[in-house]
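One structure is given here, and the rest of the page talks about it.
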Amino acid sequence: MSIPQNGGGPIERHEQLAEYLADGCKPKSDWRIGTEHEKFGYCKDTLKPLPYEGDRSIRAMLEGLRDAHAWSPVEEGGKLIGLEKGDANISLEPGGQLELSGGPLQSIHETCDEVNTHLREVKDVADRIGAGFIGLGAAPIWTHDDMDLMPKGRYKLMNEYMTRVGTMGRVMMRRTCTVQVNLDFGSEADMVKKLRVALALQPVATALFANSPFFEGKPNGHKSWRSRVWRDLDSSRTGMLPFVFEDGFGFERWVQYALDVPMYFVYRDGKYLDALGMSFRDFLKGELPALPGEKPTLSDWADHLTTAFPEARIKKYMEMRGADGGPWRRLCALPAFWVGLMYDQSSLDAAWDMVKDWDAETRDALRVAASVDALQAEVNGIRMHDIAREAVALSHAGLKARARPGAGGLIPDETHFLNTLHESIETGRVPADELLEKYHGEWGGDLTRIYAEYSY
């Protein structure tokens, strides 16, 4: 979840809302890669989730990272709720999932180095306090009551609001993890093509990275339960956004969408004020019940943009949001997959040619089928395995064309980061398939064995 935004002055013209998004346009030479990944922490002896307080806790993890690895603290209401170092930050998801939001980097080589360093630091601190961390799309055994709600004002408000909409909001908050990549766009037209491709191909990412076949101690009938959870959360702020594919879509149309997303909060003087269900349109008129007579700033607008949760979204950059949290190799593969598709024009154009004739019903059906069957999904004669094969091939070609070397020039490009996806294409198997095979085979239905075998 995002941290409070800052640096924006008063909104005096409606046009500033779209201008804020357009200010993210960058020349290709300045395009960067920002990777975010979440993971579950647990006590090694009990296999229960880490609470916020205590000797073995989320707070102890943050303190250990602060003291041993030179991270600076981020506090809210006197509670340590995050860390920052340079352009990167470590934050907490509502159930204590530890998230690294990496800095804007130039290559997947740098991204993977960042991932390695972070996981090494986390393991160093976790080992000292008897904790472990595991990358999965959903908590395999824990119940809602097992998991503390982190002491962040934003989460307290969201937790209450989630009881009013959908049925899965509080499950998402406490018991799911994702990996995502944030990418740049060069112009409004570039943003439009990238967002359309991103939304259309999120089901492919969901399928390739499906890693949540268990929930509350048993198989749940889906290979990506996390994706299933997101389908019944809050329809006003989630989904595949068919309007993005309509003629005339651009920054202003995204503004209109965001203005229709009900508010959660306004951040003032270090506190989150309850604006649950209120309208940002009223805020623009100075008629927000939570702050009567006051008009918003661009920081308020930036905060509000973080409360829309579609499968891909734009702020001053674009976020790909369709993948389960997972093992180390897939933490590097997810940004590689999208960079290869999005940062090479030939691959982007070919990806758009692949998906441009799909209608909204097909895109949504692929999303549903991906969560259930991963690469075995099929919709209206479209086989997920086939479109995944084509998408990974296009990504590979894009990374090869980028020709960003690593290891001091010994590695010519970034294509090897896709190896784990090529393996899935060859076998038709994704992480969820392997987990289910273990559960029904050598584990004999003992799901606790997942922690010893799949932790970082």
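Identifiers in this document derive from the order of the structure tokens: chains are assigned A, B, ..., residues are numbered from 1 separately in each chain, and ligands are numbered from 1 in order of occurrence.
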| Contacts of Thr420 in chain A within 9 Å, only C-alpha atoms, excl. fewer than 3 positions in-chain, as a list in words |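 Contacts, in chain order: Arg329, Arg330, Ala333, His416, Phe417, Glu423, Ser424 and Ile425 of chain A.
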| field | In range 93-219 of chain A, DSSP strand (DSSP E or B) residues written as a list in words | value | Leu98, Glu99, Leu100, Ser101, Leu105, Ala131, Gly132, Phe133, Ile134, Ala138, Thr176, Thr178, Val179, Gln180, Val181, Asn182, Leu183, Ser212, Phe214, Phe215, Lys218 and Pro219 of chain A
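Of the residues under consideration (A:Val244, A:Leu100, A:Ala308, A:Leu208), A:Leu208 shows the shortest atom-to-atom contact distance to His385 in chain A when counting only C-alpha atoms.
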| Just asking: which residues within range 59-243 of chain A are alpha helix (DSSP H) according to DSSP, as JSON, numbers by chain? | {"A": [59, 60, 61, 62, 63, 64, 65, 66, 67, 68, 69, 108, 109, 110, 111, 112, 113, 114, 115, 116, 117, 118, 119, 120, 121, 122, 123, 124, 125, 126, 127, 128, 129, 153, 154, 155, 156, 157, 158, 159, 160, 161, 169, 170, 171, 172, 173, 174, 175, 188, 189, 190, 191, 192, 193, 194, 195, 196, 197, 198, 199, 200, 201, 202, 203, 204, 205, 206, 207, 208, 225, 226, 227, 228, 229, 230]}
Using the selection just defined, write its residues with C-alpha atoms as an mmCIF file, in the first residue's frame.
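Full text of out.cif as output:
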```cif
data_model
loop_
_atom_site.group_PDB
_atom_site.id
_atom_site.type_symbol
_atom_site.label_atom_id
_atom_site.label_comp_id
_atom_site.auth_asym_id
_atom_site.auth_seq_id
_atom_site.Cartn_x
_atom_site.Cartn_y
_atom_site.Cartn_z
ATOM 1 C CA ARG A 59 8.319 -4.056 14.757
ATOM 2 C CA ALA A 60 11.406 -6.101 15.689
ATOM 3 C CA MET A 61 12.053 -6.721 11.976
ATOM 4 C CA LEU A 62 11.842 -3.015 11.172
ATOM 5 C CA GLU A 63 14.073 -2.124 14.121
ATOM 6 C CA GLY A 64 16.594 -4.750 13.074
ATOM 7 C CA LEU A 65 16.710 -3.517 9.481
ATOM 8 C CA ARG A 66 17.022 0.049 10.742
ATOM 9 C CA ASP A 67 19.864 -0.702 13.135
ATOM 10 C CA ALA A 68 21.838 -3.296 11.194
ATOM 11 C CA HIS A 69 21.364 -2.155 7.613
ATOM 12 C CA ILE A 108 16.687 -5.866 -14.609
ATOM 13 C CA HIS A 109 20.246 -6.666 -13.554
ATOM 14 C CA GLU A 110 20.026 -3.789 -11.069
ATOM 15 C CA THR A 111 16.529 -4.838 -10.043
ATOM 16 C CA CYS A 112 17.654 -8.379 -9.253
ATOM 17 C CA ASP A 113 20.672 -7.092 -7.309
ATOM 18 C CA GLU A 114 18.263 -4.956 -5.283
ATOM 19 C CA VAL A 115 16.013 -7.968 -4.625
ATOM 20 C CA ASN A 116 18.998 -10.066 -3.549
ATOM 21 C CA THR A 117 20.286 -7.414 -1.169
ATOM 22 C CA HIS A 118 16.865 -6.890 0.373
ATOM 23 C CA LEU A 119 16.145 -10.578 0.921
ATOM 24 C CA ARG A 120 19.633 -11.070 2.376
ATOM 25 C CA GLU A 121 19.036 -8.253 4.854
ATOM 26 C CA VAL A 122 15.586 -9.562 5.756
ATOM 27 C CA LYS A 123 16.948 -13.051 6.356
ATOM 28 C CA ASP A 124 19.776 -11.680 8.496
ATOM 29 C CA VAL A 125 17.339 -9.943 10.839
ATOM 30 C CA ALA A 126 14.725 -12.707 10.710
ATOM 31 C CA ASP A 127 17.271 -15.379 11.670
ATOM 32 C CA ARG A 128 18.250 -13.385 14.732
ATOM 33 C CA ILE A 129 14.696 -13.258 16.077
ATOM 34 C CA GLY A 153 -4.559 5.095 10.044
ATOM 35 C CA ARG A 154 -5.189 4.325 6.399
ATOM 36 C CA TYR A 155 -5.681 0.643 7.191
ATOM 37 C CA LYS A 156 -8.036 1.272 10.080
ATOM 38 C CA LEU A 157 -10.313 3.222 7.746
ATOM 39 C CA MET A 158 -10.025 0.698 4.914
ATOM 40 C CA ASN A 159 -10.721 -2.192 7.272
ATOM 41 C CA GLU A 160 -14.008 -0.599 8.297
ATOM 42 C CA TYR A 161 -15.003 0.322 4.737
ATOM 43 C CA GLY A 169 -11.766 -6.813 1.019
ATOM 44 C CA ARG A 170 -10.438 -7.770 4.410
ATOM 45 C CA VAL A 171 -9.032 -11.026 3.004
ATOM 46 C CA MET A 172 -7.093 -8.971 0.452
ATOM 47 C CA MET A 173 -5.779 -6.664 3.128
ATOM 48 C CA ARG A 174 -4.425 -9.275 5.519
ATOM 49 C CA ARG A 175 -3.901 -12.471 3.578
ATOM 50 C CA GLU A 188 -0.184 10.322 -23.732
ATOM 51 C CA ALA A 189 -0.380 8.099 -26.818
ATOM 52 C CA ASP A 190 2.371 5.872 -25.429
ATOM 53 C CA MET A 191 0.543 5.627 -22.114
ATOM 54 C CA VAL A 192 -2.683 4.637 -23.885
ATOM 55 C CA LYS A 193 -1.096 1.795 -25.856
ATOM 56 C CA LYS A 194 0.872 0.542 -22.861
ATOM 57 C CA LEU A 195 -2.131 0.594 -20.540
ATOM 58 C CA ARG A 196 -4.301 -1.252 -23.045
ATOM 59 C CA VAL A 197 -1.651 -3.947 -23.503
ATOM 60 C CA ALA A 198 -1.058 -4.079 -19.751
ATOM 61 C CA LEU A 199 -4.734 -4.639 -18.947
ATOM 62 C CA ALA A 200 -5.302 -7.152 -21.735
ATOM 63 C CA LEU A 201 -2.271 -9.227 -20.732
ATOM 64 C CA GLN A 202 -2.655 -9.094 -16.948
ATOM 65 C CA PRO A 203 -4.417 -12.493 -17.104
ATOM 66 C CA VAL A 204 -1.253 -13.897 -18.703
ATOM 67 C CA ALA A 205 0.790 -12.556 -15.801
ATOM 68 C CA THR A 206 -1.760 -13.982 -13.363
ATOM 69 C CA ALA A 207 -1.435 -17.382 -15.041
ATOM 70 C CA LEU A 208 2.366 -17.436 -15.268
ATOM 71 C CA TRP A 225 -6.648 -17.375 -5.034
ATOM 72 C CA ARG A 226 -5.231 -13.862 -4.747
ATOM 73 C CA SER A 227 -6.696 -13.038 -8.151
ATOM 74 C CA ARG A 228 -10.034 -14.540 -7.087
ATOM 75 C CA VAL A 229 -10.033 -12.338 -3.978
ATOM 76 C CA TRP A 230 -9.542 -9.207 -6.060
#
```
| Which residues, written as a PyMOL selection string, have at least one atom at most 12 Å from range 393-402 of chain A, with only C-alpha atoms counted and residues fewer than 3 positions away on the same chain left out? | chain A and resi 28-29+106-109+201+333-354+386-390+405+411-419+421-422+425
Just the selected residues (C-alpha atoms), exported as a short mmCIF file (atom, residue, chain, number, x, y, z; two decimals), in the first residue's frame, please.
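Everything below was put into selection-v1.cif:
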```
data_model
loop_
_atom_site.label_atom_id
_atom_site.label_comp_id
_atom_site.auth_asym_id
_atom_site.auth_seq_id
_atom_site.Cartn_x
_atom_site.Cartn_y
_atom_site.Cartn_z
CA LYS A 28 12.84 7.03 -23.39
CA SER A 29 16.35 7.66 -22.08
CA GLN A 106 17.79 1.23 -15.35
CA SER A 107 17.98 -2.54 -15.86
CA ILE A 108 16.69 -5.87 -14.61
CA HIS A 109 20.25 -6.67 -13.55
CA LEU A 201 -2.27 -9.23 -20.73
CA ALA A 333 11.02 -12.45 -13.92
CA LEU A 334 7.96 -10.23 -13.42
CA PRO A 335 9.72 -6.93 -14.20
CA ALA A 336 11.65 -8.64 -17.00
CA PHE A 337 8.39 -9.84 -18.58
CA TRP A 338 6.82 -6.40 -18.64
CA VAL A 339 9.97 -4.43 -19.52
CA GLY A 340 10.51 -6.64 -22.56
CA LEU A 341 6.95 -5.99 -23.70
CA MET A 342 6.70 -2.30 -22.84
CA TYR A 343 10.12 -0.75 -23.40
CA ASP A 344 10.75 -2.02 -26.94
CA GLN A 345 8.45 -0.47 -29.54
CA SER A 346 8.40 -3.48 -31.84
CA SER A 347 7.38 -5.82 -29.03
CA LEU A 348 4.78 -3.36 -27.74
CA ASP A 349 3.26 -2.97 -31.20
CA ALA A 350 3.18 -6.74 -31.69
CA ALA A 351 1.59 -7.24 -28.27
CA TRP A 352 -1.13 -4.74 -29.17
CA ASP A 353 -1.73 -6.55 -32.46
CA MET A 354 -2.20 -9.74 -30.46
CA ASP A 386 -0.69 -20.11 -26.49
CA ILE A 387 -1.01 -16.43 -25.68
CA ALA A 388 1.47 -16.79 -22.81
CA ARG A 389 3.95 -18.42 -25.19
CA GLU A 390 3.56 -15.54 -27.63
CA PRO A 405 24.44 -5.86 -20.35
CA ILE A 411 26.02 -11.00 -19.71
CA PRO A 412 24.90 -9.38 -22.98
CA ASP A 413 21.27 -8.68 -22.13
CA GLU A 414 18.42 -9.30 -19.68
CA THR A 415 16.79 -12.27 -21.42
CA HIS A 416 17.99 -14.88 -18.88
CA PHE A 417 15.64 -13.39 -16.29
CA LEU A 418 12.81 -14.95 -18.34
CA ASN A 419 14.22 -18.49 -18.00
CA LEU A 421 8.87 -18.35 -17.57
CA HIS A 422 10.29 -20.26 -20.54
CA ILE A 425 5.82 -22.40 -21.20
#
```
Could you pull the residues within 10 Å of range 82-87 of chain A, counting only C-alpha atoms, minus those fewer than 5 positions along the same chain, as an mmCIF file with C-alpha atoms, in the first residue's frame?
```cif
data_model
loop_
_atom_site.group_PDB
_atom_site.id
_atom_site.type_symbol
_atom_site.label_atom_id
_atom_site.label_comp_id
_atom_site.auth_asym_id
_atom_site.auth_seq_id
_atom_site.Cartn_x
_atom_site.Cartn_y
_atom_site.Cartn_z
ATOM 1 C CA ILE A 3 2.635 5.968 1.691
ATOM 2 C CA GLY A 34 10.522 0.081 -10.099
ATOM 3 C CA ILE A 58 7.083 -6.889 12.562
ATOM 4 C CA ARG A 59 8.319 -4.056 14.757
ATOM 5 C CA LEU A 62 11.842 -3.015 11.172
ATOM 6 C CA GLU A 63 14.073 -2.124 14.121
ATOM 7 C CA LEU A 65 16.710 -3.517 9.481
ATOM 8 C CA ARG A 66 17.022 0.049 10.742
ATOM 9 C CA HIS A 69 21.364 -2.155 7.613
ATOM 10 C CA ALA A 70 21.188 1.644 7.762
ATOM 11 C CA TRP A 71 17.528 2.186 6.939
ATOM 12 C CA SER A 72 15.871 5.346 8.240
ATOM 13 C CA PRO A 73 12.639 5.011 10.250
ATOM 14 C CA VAL A 74 9.185 6.096 9.129
ATOM 15 C CA GLU A 75 6.719 6.591 11.978
ATOM 16 C CA GLU A 76 3.020 7.276 12.301
ATOM 17 C CA LEU A 92 3.782 -2.719 5.744
ATOM 18 C CA LEU A 98 6.635 -6.748 4.428
ATOM 19 C CA GLU A 99 6.935 -4.846 1.151
ATOM 20 C CA LEU A 100 9.996 -3.499 -0.600
ATOM 21 C CA SER A 101 9.230 -0.652 -2.990
ATOM 22 C CA GLY A 102 12.463 -0.496 -4.922
ATOM 23 C CA GLY A 103 14.139 2.536 -6.385
ATOM 24 C CA PRO A 104 13.832 3.557 -10.058
ATOM 25 C CA LEU A 105 16.505 1.475 -11.790
#
```
Mind running range 123-204 of chain A against range 213-219 of chain A at 12 Å and telling me each contacting residue's nearest atom pair with the distance in Å (one decimal), counting only C-alpha atoms, chain and number ascending, as CSV?
```
residue,atom,partner,partner_atom,distance
A:Leu136,CA,A:Pro213,CA,9.3
A:Gly137,CA,A:Pro213,CA,8.5
A:Ala138,CA,A:Phe215,CA,7.0
A:Ala139,CA,A:Phe215,CA,6.4
A:Pro140,CA,A:Phe215,CA,4.6
A:Ile141,CA,A:Glu216,CA,4.1
A:Trp142,CA,A:Glu216,CA,5.7
A:Thr143,CA,A:Glu216,CA,6.1
A:His144,CA,A:Glu216,CA,9.3
A:Asp145,CA,A:Glu216,CA,11.5
A:Asp146,CA,A:Glu216,CA,10.9
A:Val171,CA,A:Phe215,CA,10.5
A:Arg175,CA,A:Phe215,CA,9.1
A:Thr176,CA,A:Phe215,CA,10.2
```
| task | Please provide the set of residues having any atom within 12 Å of Tyr317 in chain A, restricted to only C-alpha atoms, with same-chain residues fewer than 5 positions apart removed, written as number ranges by chain. | result | A: 20-26, 31-34, 104, 181-188, 190-192, 194-195, 251, 302, 305-306, 312
| task | Please indicate the distance in Å from CA of Phe283 in chain A to CA of Phe309 in chain A, rounded to one decimal place. | result | 20.7 Å
Pro10 in chain A: which residues within 10 Å, counting only C-alpha atoms, same-chain residues fewer than 3 positions away excluded, as a compact mmCIF listing (two decimals) with C-alpha atoms, in the first residue's frame?
```
# COMPACT_ATOMS: atom_id res chain seq x y z
CA ARG A 13 -8.12 24.44 -12.13
CA GLN A 16 -4.37 20.32 -13.11
CA LYS A 295 -10.38 22.41 -1.20
CA PRO A 296 -7.83 19.72 -2.08
CA THR A 297 -4.17 19.97 -2.97
CA LEU A 298 -2.31 17.98 -5.59
CA SER A 299 -1.00 15.86 -2.72
CA ASP A 300 -4.60 14.95 -1.91
CA TRP A 301 -5.14 14.04 -5.54
```
Nearby residues (only C-alpha atoms) at most 10 Å from Ile134 in chain A, same-chain spacing under 6 positions excluded, as a short mmCIF file (atom, residue, chain, number, x, y, z; two decimals) with N, CA and C atoms, in the first residue's frame:
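Output (result-v7.cif):
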```cif
data_model
loop_
_atom_site.label_atom_id
_atom_site.label_comp_id
_atom_site.auth_asym_id
_atom_site.auth_seq_id
_atom_site.Cartn_x
_atom_site.Cartn_y
_atom_site.Cartn_z
N GLU A 38 5.92 -8.17 -1.99
CA GLU A 38 5.45 -8.40 -0.63
C GLU A 38 5.71 -9.85 -0.23
N LYS A 39 5.84 -10.07 1.08
CA LYS A 39 6.05 -11.42 1.58
C LYS A 39 5.50 -11.54 2.99
N PHE A 40 5.14 -12.76 3.36
CA PHE A 40 4.58 -13.05 4.67
C PHE A 40 5.69 -13.40 5.65
N GLY A 41 5.65 -12.80 6.84
CA GLY A 41 6.56 -13.17 7.91
C GLY A 41 5.86 -14.08 8.92
N TYR A 42 6.63 -15.00 9.51
CA TYR A 42 6.03 -15.92 10.48
C TYR A 42 7.06 -16.31 11.53
N GLN A 97 2.38 -7.94 6.03
CA GLN A 97 3.22 -8.33 4.91
C GLN A 97 4.28 -7.25 4.70
N GLY A 325 2.62 -12.91 -5.35
CA GLY A 325 3.94 -12.98 -4.76
C GLY A 325 4.50 -14.38 -4.96
N GLY A 326 5.84 -14.48 -4.97
CA GLY A 326 6.39 -15.79 -5.26
C GLY A 326 7.85 -15.95 -4.94
N PRO A 327 8.47 -17.01 -5.47
CA PRO A 327 9.86 -17.31 -5.19
C PRO A 327 10.80 -16.32 -5.86
N TRP A 328 12.06 -16.38 -5.45
CA TRP A 328 13.04 -15.39 -5.88
C TRP A 328 13.10 -15.23 -7.39
N ILE A 450 5.09 -26.45 3.69
CA ILE A 450 5.36 -25.39 2.73
C ILE A 450 6.36 -24.37 3.28
N TYR A 451 6.36 -24.16 4.59
CA TYR A 451 7.23 -23.14 5.17
C TYR A 451 8.69 -23.54 5.08
N ALA A 452 9.03 -24.76 5.42
CA ALA A 452 10.42 -25.21 5.37
C ALA A 452 10.95 -25.26 3.94
N GLU A 453 10.10 -25.62 3.00
CA GLU A 453 10.57 -25.84 1.65
C GLU A 453 10.52 -24.62 0.74
N TYR A 454 9.71 -23.61 1.09
CA TYR A 454 9.52 -22.51 0.15
C TYR A 454 9.82 -21.12 0.75
N SER A 455 10.36 -21.07 1.94
CA SER A 455 10.73 -19.77 2.51
C SER A 455 11.99 -19.23 1.85
N TYR A 456 12.17 -17.94 1.94
CA TYR A 456 13.37 -17.32 1.36
C TYR A 456 14.60 -17.70 2.17
#
```
